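Below is target.txt, which holds compact mmCIF, C-alpha atoms.
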# COMPACT_ATOMS: atom_id res chain seq x y z
CA MET A 97 -1.50 -88.63 20.28
CA ASP A 98 -1.42 -89.69 16.61
CA SER A 99 -1.93 -87.41 13.60
CA ALA A 100 -5.39 -88.86 12.97
CA GLY A 101 -6.56 -87.46 16.30
CA TRP A 102 -5.18 -84.02 15.50
CA SER A 103 -6.77 -84.09 12.05
CA ARG A 104 -10.17 -84.91 13.54
CA ARG A 105 -9.89 -81.97 15.88
CA ARG A 106 -8.67 -79.33 13.43
CA PHE A 107 -10.28 -80.58 10.20
CA VAL A 108 -7.48 -78.78 8.37
CA GLY A 109 -4.68 -81.37 8.41
CA ALA A 110 -1.88 -82.28 10.77
CA LEU A 111 -0.37 -79.80 13.19
CA ALA A 112 2.90 -78.09 12.46
CA GLY A 113 5.63 -78.97 14.92
CA GLY A 114 7.56 -76.62 17.14
CA SER A 115 6.63 -73.85 19.53
CA ALA A 116 5.55 -70.35 18.60
CA ALA A 117 8.12 -67.99 17.18
CA ALA A 118 9.07 -64.98 19.26
CA ALA A 119 9.23 -62.52 16.38
CA LEU A 120 8.23 -58.91 16.81
CA PRO A 121 4.69 -58.05 15.69
CA ALA A 122 3.89 -56.34 12.44
CA CYS A 123 0.60 -54.47 12.56
CA ASP A 124 -0.53 -53.79 9.02
CA GLN A 125 -1.69 -50.17 9.37
CA ALA A 126 -3.43 -51.08 12.60
CA PRO A 127 -4.37 -48.09 14.76
CA GLU A 128 -3.45 -47.97 18.40
CA PRO A 129 -6.09 -49.45 20.71
CA ALA A 130 -8.02 -47.20 23.04
CA ALA A 131 -6.14 -46.36 26.19
CA PRO A 132 -6.92 -48.93 28.89
CA PRO A 133 -8.35 -47.90 32.23
CA ALA A 134 -6.03 -47.29 35.14
CA ARG A 135 -4.95 -50.56 36.71
CA GLU A 136 -6.89 -51.17 39.90
CA SER A 137 -5.41 -52.99 42.85
CA SER A 138 -7.99 -55.75 42.46
CA ARG A 139 -7.04 -56.10 38.79
CA SER A 140 -10.73 -56.42 37.95
CA PRO A 141 -12.30 -54.44 35.09
CA SER A 142 -14.51 -51.47 35.70
CA ARG A 143 -17.87 -51.15 33.99
CA SER A 144 -16.46 -48.48 31.69
CA ALA A 145 -13.58 -50.79 30.76
CA ARG A 146 -15.97 -53.53 29.70
CA ARG A 147 -18.29 -51.19 27.81
CA PRO A 148 -16.34 -48.53 25.89
CA SER A 149 -18.12 -46.17 23.52
CA GLY A 150 -17.57 -46.00 19.78
CA PRO A 151 -15.88 -48.72 17.71
CA ARG A 152 -14.79 -51.64 19.86
CA PRO A 153 -11.85 -54.03 19.53
CA LEU A 154 -12.27 -57.45 17.95
CA TYR A 155 -9.47 -60.03 17.93
CA LEU A 156 -9.48 -63.01 15.57
CA GLY A 157 -7.77 -66.36 16.03
CA THR A 158 -6.55 -68.60 13.21
CA TYR A 159 -4.13 -71.38 12.25
CA THR A 160 -0.97 -69.92 10.75
CA SER A 161 0.27 -73.40 9.75
CA ALA A 162 -2.89 -74.33 7.83
CA GLU A 163 -3.22 -73.93 4.07
CA GLY A 164 -4.88 -70.58 3.48
CA GLY A 165 -4.51 -69.69 7.14
CA GLY A 166 -3.79 -66.31 8.65
CA LYS A 167 -0.45 -64.67 9.40
CA GLY A 168 -1.18 -64.15 13.08
CA ILE A 169 -3.85 -62.64 15.32
CA GLY A 170 -6.38 -60.66 13.26
CA LEU A 171 -7.04 -57.11 14.43
CA ALA A 172 -10.39 -55.45 13.82
CA THR A 173 -13.07 -53.22 15.31
CA TYR A 174 -16.84 -53.58 15.31
CA ASP A 175 -19.68 -51.11 15.54
CA PRO A 176 -21.83 -52.09 18.57
CA ALA A 177 -24.93 -50.62 16.93
CA THR A 178 -24.69 -52.11 13.44
CA GLY A 179 -22.37 -55.06 14.02
CA ARG A 180 -20.18 -54.00 11.10
CA ILE A 181 -16.60 -55.28 11.34
CA THR A 182 -13.64 -53.26 10.03
CA GLY A 183 -10.26 -54.96 9.67
CA THR A 184 -7.30 -52.99 11.02
CA GLY A 185 -4.34 -55.31 10.53
CA THR A 186 -2.58 -58.42 11.75
CA LEU A 187 -0.37 -59.09 14.75
CA THR A 188 2.32 -61.42 13.42
CA GLY A 189 4.82 -63.47 15.39
CA VAL A 190 2.27 -65.66 17.18
CA GLY A 191 2.05 -69.21 15.81
CA ASP A 192 -1.32 -70.95 15.45
CA PRO A 193 -3.25 -68.63 17.80
CA SER A 194 -6.45 -70.68 17.65
CA TYR A 195 -7.98 -69.41 20.90
CA LEU A 196 -7.72 -66.02 22.60
CA ALA A 197 -8.50 -64.58 26.03
CA ILE A 198 -8.23 -61.13 27.57
CA HIS A 199 -6.88 -60.18 31.00
CA PRO A 200 -9.58 -58.70 33.28
CA ASP A 201 -7.89 -55.28 33.09
CA ARG A 202 -7.93 -55.43 29.26
CA ARG A 203 -4.24 -54.60 29.00
CA THR A 204 -2.98 -58.00 27.86
CA LEU A 205 -4.19 -60.52 25.30
CA TYR A 206 -3.33 -64.22 25.61
CA ALA A 207 -3.23 -66.81 22.84
CA VAL A 208 -2.67 -70.54 22.69
CA ASN A 209 -0.06 -71.78 20.23
CA GLU A 210 -1.87 -74.91 19.08
CA ARG A 211 1.13 -76.96 18.04
CA GLU A 212 2.66 -80.28 19.01
CA ASP A 213 5.03 -78.43 21.33
CA GLY A 214 2.27 -76.45 23.01
CA ALA A 215 2.73 -72.94 24.31
CA VAL A 216 0.82 -69.84 25.41
CA THR A 217 1.74 -66.27 24.45
CA ALA A 218 1.09 -62.87 26.05
CA VAL A 219 0.66 -59.67 24.01
CA ARG A 220 0.62 -56.17 25.53
CA LEU A 221 -2.17 -54.29 23.79
CA SER A 222 -1.00 -50.71 24.29
CA ASP A 223 1.86 -51.18 21.78
CA ARG A 224 1.11 -54.75 20.64
CA LYS A 225 4.41 -55.99 21.98
CA ILE A 226 4.76 -59.76 22.39
CA LEU A 227 5.73 -60.31 26.02
CA GLY A 228 6.91 -63.86 25.43
CA SER A 229 5.68 -67.42 25.23
CA ARG A 230 5.74 -70.23 27.78
CA SER A 231 5.48 -73.97 27.26
CA THR A 232 2.29 -75.60 28.48
CA GLY A 233 4.11 -78.90 28.91
CA GLY A 234 1.55 -80.57 26.68
CA ALA A 235 0.48 -80.88 23.05
CA ALA A 236 -2.00 -78.86 20.99
CA PRO A 237 -3.40 -76.38 23.56
CA CYS A 238 -6.84 -75.36 22.30
CA HIS A 239 -8.33 -73.25 25.12
CA LEU A 240 -7.19 -70.82 27.79
CA SER A 241 -8.74 -68.47 30.32
CA VAL A 242 -7.58 -65.99 32.93
CA HIS A 243 -8.50 -66.62 36.55
CA PRO A 244 -10.76 -63.75 37.76
CA GLY A 245 -8.06 -62.44 40.11
CA GLY A 246 -5.85 -61.78 37.10
CA ARG A 247 -2.79 -63.60 38.51
CA TRP A 248 -3.07 -67.01 36.80
CA LEU A 249 -3.49 -68.21 33.23
CA LEU A 250 -5.18 -71.59 32.78
CA SER A 251 -4.82 -73.63 29.58
CA ALA A 252 -6.08 -76.96 28.19
CA ASP A 253 -3.98 -79.23 25.95
CA TYR A 254 -6.16 -81.24 23.60
CA GLY A 255 -3.37 -83.45 22.25
CA SER A 256 -2.00 -84.62 25.60
CA GLY A 257 -5.19 -84.37 27.66
CA SER A 258 -3.58 -82.07 30.21
CA VAL A 259 -4.22 -78.71 31.88
CA SER A 260 -1.60 -76.14 32.88
CA VAL A 261 -1.24 -73.10 35.12
CA HIS A 262 1.06 -70.11 34.50
CA PRO A 263 1.58 -67.07 36.73
CA ILE A 264 0.86 -63.59 35.36
CA ASP A 265 3.06 -60.77 36.62
CA ALA A 266 2.13 -57.10 37.06
CA SER A 267 3.05 -56.33 33.46
CA GLY A 268 0.80 -59.08 32.10
CA ALA A 269 3.73 -61.30 31.11
CA LEU A 270 3.72 -65.02 31.87
CA GLY A 271 6.04 -66.84 34.22
CA GLU A 272 7.15 -70.45 34.10
CA ARG A 273 4.43 -73.06 34.48
CA THR A 274 3.50 -73.82 38.10
CA ASP A 275 1.42 -76.93 37.47
CA LEU A 276 0.60 -79.54 34.84
CA VAL A 277 -2.12 -82.16 35.38
CA ARG A 278 -2.80 -84.92 32.86
CA HIS A 279 -6.19 -86.64 32.83
CA SER A 280 -4.96 -90.21 33.28
CA SER A 281 -8.34 -91.57 34.42
CA PRO A 282 -11.06 -92.60 33.81
CA PRO A 283 -10.21 -94.60 30.67
CA PRO A 284 -10.97 -93.02 27.29
CA GLY A 285 -14.55 -93.20 26.07
CA PRO A 286 -15.79 -95.14 23.04
CA GLY A 287 -13.79 -94.31 19.92
CA GLN A 288 -11.19 -92.28 21.83
CA GLU A 289 -7.52 -93.24 22.12
CA GLY A 290 -6.75 -91.01 25.11
CA PRO A 291 -7.74 -87.91 27.08
CA HIS A 292 -8.43 -84.67 25.18
CA ALA A 293 -8.74 -81.65 27.46
CA HIS A 294 -10.85 -79.15 25.54
CA GLN A 295 -11.61 -76.32 27.94
CA ILE A 296 -10.63 -74.90 31.33
CA ILE A 297 -12.60 -72.16 33.11
CA THR A 298 -13.22 -70.76 36.58
CA SER A 299 -16.67 -71.10 38.14
CA PRO A 300 -18.64 -67.83 38.55
CA ASP A 301 -18.14 -67.89 42.32
CA GLY A 302 -14.37 -68.11 41.78
CA GLY A 303 -14.05 -71.11 44.05
CA HIS A 304 -13.23 -73.82 41.55
CA VAL A 305 -11.61 -74.48 38.19
CA LEU A 306 -13.42 -76.80 35.79
CA ALA A 307 -11.81 -78.72 32.92
CA VAL A 308 -13.84 -80.42 30.18
CA ASP A 309 -12.26 -83.51 28.61
CA LEU A 310 -13.69 -84.88 25.38
CA GLY A 311 -11.60 -88.06 25.47
CA THR A 312 -12.64 -89.25 28.93
CA ASP A 313 -16.23 -87.92 28.82
CA THR A 314 -15.52 -86.11 32.08
CA VAL A 315 -15.78 -82.66 33.66
CA TYR A 316 -13.02 -82.35 36.30
CA THR A 317 -13.33 -79.92 39.20
CA TYR A 318 -10.16 -78.49 40.76
CA ARG A 319 -9.28 -76.08 43.51
CA LEU A 320 -6.61 -73.55 42.58
CA ASP A 321 -4.07 -72.62 45.23
CA GLU A 322 -3.83 -68.90 44.48
CA LYS A 323 -0.45 -68.59 46.20
CA ALA A 324 1.31 -71.59 44.66
CA GLY A 325 -0.57 -71.83 41.38
CA THR A 326 -1.30 -75.53 41.80
CA LEU A 327 -4.46 -77.55 41.11
CA THR A 328 -6.01 -80.10 43.48
CA GLU A 329 -8.79 -82.31 42.16
CA ALA A 330 -12.08 -81.86 44.00
CA GLY A 331 -14.44 -83.97 41.93
CA ARG A 332 -15.43 -85.50 38.62
CA ALA A 333 -18.67 -85.55 36.67
CA GLN A 334 -19.27 -88.12 33.96
CA ALA A 335 -21.12 -87.40 30.75
CA ARG A 336 -22.69 -90.41 29.10
CA PRO A 337 -20.15 -92.71 27.39
CA GLY A 338 -19.20 -91.45 23.96
CA ALA A 339 -20.75 -88.00 24.45
CA GLY A 340 -17.47 -86.21 23.79
CA PRO A 341 -18.03 -83.12 26.00
CA ARG A 342 -16.33 -80.09 24.49
CA HIS A 343 -17.50 -76.83 26.02
CA LEU A 344 -19.21 -75.73 29.27
CA THR A 345 -20.89 -72.38 29.84
CA PHE A 346 -22.40 -71.18 33.12
CA HIS A 347 -25.75 -69.51 33.57
CA PRO A 348 -25.32 -66.04 35.17
CA GLY A 349 -26.97 -67.36 38.33
CA GLY A 350 -23.99 -69.61 38.89
CA ARG A 351 -25.89 -72.76 39.88
CA TYR A 352 -26.34 -74.30 36.43
CA ALA A 353 -24.18 -74.76 33.36
CA TYR A 354 -24.70 -76.09 29.84
CA LEU A 355 -22.48 -78.73 28.27
CA ALA A 356 -22.01 -79.06 24.50
CA ASN A 357 -21.23 -82.65 23.51
CA GLU A 358 -19.32 -82.81 20.24
CA VAL A 359 -19.44 -86.52 19.46
CA ASP A 360 -23.05 -87.55 20.19
CA ASN A 361 -24.60 -84.26 18.99
CA THR A 362 -26.31 -83.30 22.26
CA VAL A 363 -26.35 -80.72 25.02
CA ALA A 364 -26.91 -81.27 28.73
CA VAL A 365 -27.90 -79.07 31.66
CA CYS A 366 -25.49 -79.45 34.59
CA SER A 367 -26.03 -78.47 38.20
CA TYR A 368 -23.15 -76.93 40.15
CA ASP A 369 -22.67 -76.73 43.92
CA PRO A 370 -20.44 -73.74 44.80
CA ALA A 371 -19.55 -75.14 48.21
CA SER A 372 -18.10 -78.45 47.02
CA GLY A 373 -17.54 -77.73 43.33
CA ARG A 374 -19.59 -80.80 42.51
CA VAL A 375 -21.07 -80.95 39.01
CA ARG A 376 -23.92 -83.23 37.96
CA VAL A 377 -24.52 -83.79 34.26
CA GLY A 378 -28.18 -84.01 33.30
CA ALA A 379 -29.89 -85.89 30.50
CA ALA A 380 -28.80 -85.46 26.90
CA GLN A 381 -30.96 -83.06 24.88
CA SER A 382 -31.38 -82.44 21.17
CA THR A 383 -29.50 -79.81 19.20
CA GLY A 384 -32.36 -79.60 16.71
CA THR A 385 -30.08 -80.53 13.81
CA GLY A 386 -31.56 -83.94 13.06
CA PRO A 387 -29.85 -87.35 12.99
CA GLY A 388 -26.11 -87.79 12.69
CA THR A 389 -23.22 -85.87 14.19
CA SER A 390 -23.17 -82.13 13.67
CA TYR A 391 -20.08 -81.51 15.81
CA PRO A 392 -21.56 -79.06 18.35
CA ALA A 393 -18.77 -76.66 19.18
CA GLN A 394 -19.60 -73.95 21.69
CA ILE A 395 -22.58 -72.79 23.70
CA VAL A 396 -23.08 -69.25 25.04
CA VAL A 397 -25.68 -67.68 27.33
CA THR A 398 -27.01 -64.13 27.15
CA PRO A 399 -26.01 -61.87 30.07
CA ASN A 400 -29.64 -61.75 31.25
CA GLY A 401 -29.69 -65.56 31.39
CA ARG A 402 -32.79 -65.90 29.20
CA TYR A 403 -31.38 -67.50 26.05
CA ALA A 404 -28.59 -69.85 25.00
CA TYR A 405 -27.05 -70.46 21.57
CA LEU A 406 -25.16 -73.48 20.29
CA ALA A 407 -22.84 -73.58 17.26
CA ASN A 408 -23.32 -76.66 15.05
CA ARG A 409 -20.40 -77.12 12.67
CA GLY A 410 -21.74 -79.97 10.56
CA ASP A 411 -25.15 -78.35 10.16
CA ASN A 412 -23.71 -74.84 9.76
CA SER A 413 -26.35 -73.50 12.11
CA LEU A 414 -26.96 -71.91 15.49
CA THR A 415 -29.49 -73.51 17.83
CA ARG A 416 -31.53 -71.14 19.99
CA TYR A 417 -32.75 -72.29 23.41
CA ALA A 418 -34.98 -70.59 25.95
CA VAL A 419 -33.47 -70.84 29.42
CA GLU A 420 -36.15 -71.60 32.00
CA ALA A 421 -36.57 -72.40 35.71
CA ASP A 422 -33.80 -70.01 36.79
CA GLY A 423 -31.32 -71.84 34.57
CA ALA A 424 -32.33 -75.40 35.34
CA ARG A 425 -33.96 -76.10 31.99
CA LEU A 426 -33.27 -75.55 28.27
CA ARG A 427 -36.14 -75.48 25.79
CA LEU A 428 -35.28 -75.88 22.12
CA LEU A 429 -36.72 -73.05 20.02
CA ASP A 430 -35.19 -73.23 16.54
CA THR A 431 -32.03 -73.32 14.44
CA VAL A 432 -30.72 -70.48 12.29
CA PRO A 433 -28.32 -70.81 9.31
CA VAL A 434 -24.95 -69.33 10.20
CA ASP A 435 -24.24 -68.18 6.63
CA GLY A 436 -20.76 -69.70 6.80
CA ASP A 437 -19.05 -73.06 6.81
CA PHE A 438 -18.09 -74.82 10.06
CA PRO A 439 -18.83 -72.36 12.91
CA ARG A 440 -15.97 -73.32 15.21
CA GLN A 441 -16.58 -70.74 17.93
CA ILE A 442 -19.22 -68.18 18.90
CA ALA A 443 -19.11 -65.22 21.27
CA LEU A 444 -21.48 -62.53 22.50
CA SER A 445 -20.61 -58.85 22.77
CA PRO A 446 -20.37 -57.67 26.41
CA GLU A 447 -23.98 -56.46 26.47
CA GLY A 448 -25.23 -59.55 24.65
CA THR A 449 -26.70 -57.54 21.77
CA LEU A 450 -24.44 -59.07 19.09
CA LEU A 451 -23.37 -62.64 18.43
CA PHE A 452 -20.16 -63.42 16.48
CA ALA A 453 -19.62 -66.76 14.74
CA ALA A 454 -16.11 -67.71 13.54
CA ASN A 455 -16.53 -69.98 10.51
CA GLN A 456 -13.38 -72.04 10.04
CA LYS A 457 -13.83 -73.55 6.58
CA SER A 458 -15.34 -70.51 4.86
CA GLY A 459 -12.85 -68.15 6.51
CA THR A 460 -15.53 -65.71 7.63
CA VAL A 461 -17.05 -64.16 10.75
CA THR A 462 -20.84 -63.78 10.75
CA VAL A 463 -22.44 -61.23 13.07
CA PHE A 464 -26.03 -61.42 14.31
CA HIS A 465 -28.20 -58.93 16.19
CA VAL A 466 -29.72 -60.55 19.29
CA ASP A 467 -33.27 -59.51 20.11
CA GLY A 468 -33.40 -58.82 23.83
CA ALA A 469 -37.02 -59.87 24.23
CA SER A 470 -37.27 -62.99 22.07
CA GLY A 471 -33.64 -64.02 21.66
CA ALA A 472 -34.18 -64.12 17.90
CA LEU A 473 -31.09 -63.76 15.71
CA ARG A 474 -30.95 -61.38 12.74
CA ARG A 475 -27.89 -61.25 10.53
CA ALA A 476 -25.97 -57.97 10.63
CA GLY A 477 -24.78 -57.54 7.05
CA ASP A 478 -22.45 -59.73 5.04
CA PRO A 479 -19.93 -62.04 6.75
CA PHE A 480 -16.47 -60.54 7.32
CA PRO A 481 -13.58 -62.36 5.60
CA SER A 482 -10.94 -63.71 8.00
CA PRO A 483 -8.55 -66.54 7.00
CA VAL A 484 -9.37 -69.87 8.70
CA ALA A 485 -11.45 -68.08 11.33
CA VAL A 486 -11.48 -70.23 14.48
CA CYS A 487 -11.98 -67.62 17.21
CA ALA A 488 -13.62 -64.19 17.50
CA LEU A 489 -13.08 -62.21 20.70
CA PRO A 490 -15.22 -59.02 20.89
CA LEU A 491 -14.47 -56.58 23.72
This structure in structure tokens:
Amino acid sequence: MDSAGWSRRRFVGALAGGSAAAALPACDQAPEPAAPPARESSRSPSRSARRPSGPRPLYLGTYTSAEGGGKGIGLATYDPATGRITGTGTLTGVGDPSYLAIHPDRRTLYAVNEREDGAVTAVRLSDRKILGSRSTGGAAPCHLSVHPGGRWLLSADYGSGSVSVHPIDASGALGERTDLVRHSSPPPGPGQEGPHAHQIITSPDGGHVLAVDLGTDTVYTYRLDEKAGTLTEAGRAQARPGAGPRHLTFHPGGRYAYLANEVDNTVAVCSYDPASGRVRVGAAQSTGTGPGTSYPAQIVVTPNGRYAYLANRGDNSLTRYAVEADGARLRLLDTVPVDGDFPRQIALSPEGTLLFAANQKSGTVTVFHVDGASGALRRAGDPFPSPVAVCALPL
């Protein structure tokens, strides 16, 4: 992939070469995190693990190679009642950690190293020790997720249009890659020079892995062999040519999902069949931001399944949708200013009462209260400063 493609993705200049450094972390006066729950044999989180009392952890992703970027993974806490964020330090030694994910048992944090020589890094949270980095085998990884069983890390390489699988051992550390799949077909969509894998997630039923590729306008469905850590393609769903699909989020019911299309400034409702893994992409719908491209980034759904929110980077707004017909329909309600520049990523707190927007160009994180009845957003104080904020992960 050429530097122009990387620049379009990051909007902050060309990527720095090389893989992430393996330096020891330096936590600038950061307090120790709350003790994690006892590890269960299923490696799935308990309700108390997902919903601790008091201040809660917040992890912030950035580009360390960008001008004005951060020094590593930002460490903070937030008040679940007020939404107020308090910075607690920085975990250094992780290069370009632009996207973050947590292990189901909450003991280990994972970060992409979004560089030409792509890698993923594991961090033990009890003492913030870096457990090592592993090559993804591709370029510019921009998304990762942990399989619900807790034994496999899945990552998507934007630069090379590939997806990777790494094993996770009992300590949370990563093993050598067990699979690498490049999206070699269908051909790139209009204006694209190649595949650009942008996201990889597991379906709510756990039966399939789905990868969203902006370059080929395709959502790929895979089956994961949970013994070998290999992916087998089970289907493909085509967005309309030139849509540039970026991010897919499932409705809690598990039968529908919502696709944010970066290039043509639309969203689409998708149906999902748990038995076959088949996805069908519905008609393109408005983002409510008017004509032109507003670079829709990420869409999230409230835990009760009643509302969805879309981040619009060009418009610097959040679109609010009502979710109807048990997830089968989105109804546009309004857009709300994000009070920041270029909302790259959004996330809901575990209960869905707060929404966090990471604003890349303004270097801020905006927090909103989410009204449970109407889905209305109300800003929770002033935005929190965070250098080149590209990811906010509230626990």
(request) Neighbourhood query: residues within 8 Å of (-11.5, -55.1, 17.6), file coordinates, counting all atoms listed in the file; return as a ChimeraX atom specification. (result) /A:151-155,171-174,489-491
Close residues, A:Asp275 itself excluded, 6 Å, all atoms listed in the file, min 6 positions apart in chain, as a short mmCIF file (atom, residue, chain, number, x, y, z; two decimals) with C-alpha atoms, keeping the file's coordinate frame:
data_model
loop_
_atom_site.label_atom_id
_atom_site.label_comp_id
_atom_site.auth_asym_id
_atom_site.auth_seq_id
_atom_site.Cartn_x
_atom_site.Cartn_y
_atom_site.Cartn_z
CA SER A 260 -1.60 -76.14 32.88
CA VAL A 261 -1.24 -73.10 35.12
CA THR A 326 -1.30 -75.53 41.80
#
(request) Work out how far apart atom CA of A:Gly338 and atom CA of A:Pro282 are and give it in Å to one decimal. (result)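 Answer for the atom CA of A:Gly338 to atom CA of A:Pro282 separation: 12.8 Å.
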(request) Rounded to one decimal place, report the atom CA of A:Thr383-atom CA of A:Ala339 distance in Å. (result)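 About the pair atom CA of A:Thr383 and atom CA of A:Ala339: they are 13.1 Å apart.
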(request) May I ask which of the residues A:Thr398, A:Phe480, A:Gln334, A:Val486 is the closest one to A:Gly468, counting only C-alpha atoms? (result) A:Thr398
(request) Pick out the closest residue to A:Leu444 from this set: A:Val397, A:Leu270, A:Val432, A:Leu426. Count all atoms listed in the file. (result)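 The closest residue to A:Leu444 is A:Val397.
Distance check against A:Arg203 using only C-alpha atoms: of A:Pro399, A:Gly311, A:Gly191, A:Gly268, the minimum falls on A:Gly268.
In terms of minimum interatomic distance to A:Ala488, A:Ile169 ranks closest within A:Leu406, A:Ile169, A:Ile226, A:Ala236, counting only C-alpha atoms.
When atom CA of A:Arg211 is paired with atom CA of A:Thr158, their separation reads 12.3 Å.
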Against stretch 291-308 of chain A, which residues of stretch 317-424 of chain A fall within 6 Å? For each one I want the closest pair of atoms and the distance in Å (one decimal), counting only C-alpha atoms, rows by chain and increasing residue number, as a tab-separated table.
residue	atom	partner	partner_atom	distance
A:Thr317	CA	A:Leu306	CA	4.6
A:Tyr318	CA	A:Val305	CA	5.0
A:Arg319	CA	A:His304	CA	5.0
A:Arg342	CA	A:His294	CA	5.7
A:Gly350	CA	A:Pro300	CA	5.6
Exercise: A:Ser413 partners within 12 Å, only C-alpha atoms, chain neighbours under 2 positions left out, as an mmCIF file with C-alpha atoms, in the coordinates of the input:
data_model
loop_
_atom_site.group_PDB
_atom_site.id
_atom_site.type_symbol
_atom_site.label_atom_id
_atom_site.label_comp_id
_atom_site.auth_asym_id
_atom_site.auth_seq_id
_atom_site.Cartn_x
_atom_site.Cartn_y
_atom_site.Cartn_z
ATOM 1 C CA THR A 383 -29.500 -79.810 19.200
ATOM 2 C CA GLY A 384 -32.360 -79.600 16.710
ATOM 3 C CA THR A 385 -30.080 -80.530 13.810
ATOM 4 C CA GLY A 386 -31.560 -83.940 13.060
ATOM 5 C CA SER A 390 -23.170 -82.130 13.670
ATOM 6 C CA TYR A 391 -20.080 -81.510 15.810
ATOM 7 C CA PRO A 392 -21.560 -79.060 18.350
ATOM 8 C CA ALA A 393 -18.770 -76.660 19.180
ATOM 9 C CA GLN A 394 -19.600 -73.950 21.690
ATOM 10 C CA TYR A 405 -27.050 -70.460 21.570
ATOM 11 C CA LEU A 406 -25.160 -73.480 20.290
ATOM 12 C CA ALA A 407 -22.840 -73.580 17.260
ATOM 13 C CA ASN A 408 -23.320 -76.660 15.050
ATOM 14 C CA ARG A 409 -20.400 -77.120 12.670
ATOM 15 C CA GLY A 410 -21.740 -79.970 10.560
ATOM 16 C CA ASP A 411 -25.150 -78.350 10.160
ATOM 17 C CA THR A 415 -29.490 -73.510 17.830
ATOM 18 C CA ARG A 416 -31.530 -71.140 19.990
ATOM 19 C CA ASP A 430 -35.190 -73.230 16.540
ATOM 20 C CA THR A 431 -32.030 -73.320 14.440
ATOM 21 C CA VAL A 432 -30.720 -70.480 12.290
ATOM 22 C CA PRO A 433 -28.320 -70.810 9.310
ATOM 23 C CA VAL A 434 -24.950 -69.330 10.200
ATOM 24 C CA ASP A 435 -24.240 -68.180 6.630
ATOM 25 C CA GLY A 436 -20.760 -69.700 6.800
ATOM 26 C CA ASP A 437 -19.050 -73.060 6.810
ATOM 27 C CA PHE A 438 -18.090 -74.820 10.060
ATOM 28 C CA PRO A 439 -18.830 -72.360 12.910
ATOM 29 C CA ARG A 440 -15.970 -73.320 15.210
ATOM 30 C CA GLN A 441 -16.580 -70.740 17.930
ATOM 31 C CA ILE A 442 -19.220 -68.180 18.900
ATOM 32 C CA ALA A 453 -19.620 -66.760 14.740
ATOM 33 C CA ALA A 454 -16.110 -67.710 13.540
ATOM 34 C CA ASN A 455 -16.530 -69.980 10.510
ATOM 35 C CA THR A 462 -20.840 -63.780 10.750
ATOM 36 C CA LEU A 473 -31.090 -63.760 15.710
#
(request) May I have the residues within 10 Å of A:Gln288 as a ChimeraX atom specification, using only C-alpha atoms and disregarding those fewer than 2 positions away in the same chain? (result) /A:101,283-286,290-292,310-313,338,340
(request) Select, from A:Ala469, A:Val463, A:Ala269, A:Ala324, the residue with the minimum atom-to-atom distance to A:Ile181, counting only C-alpha atoms. (result) A:Val463
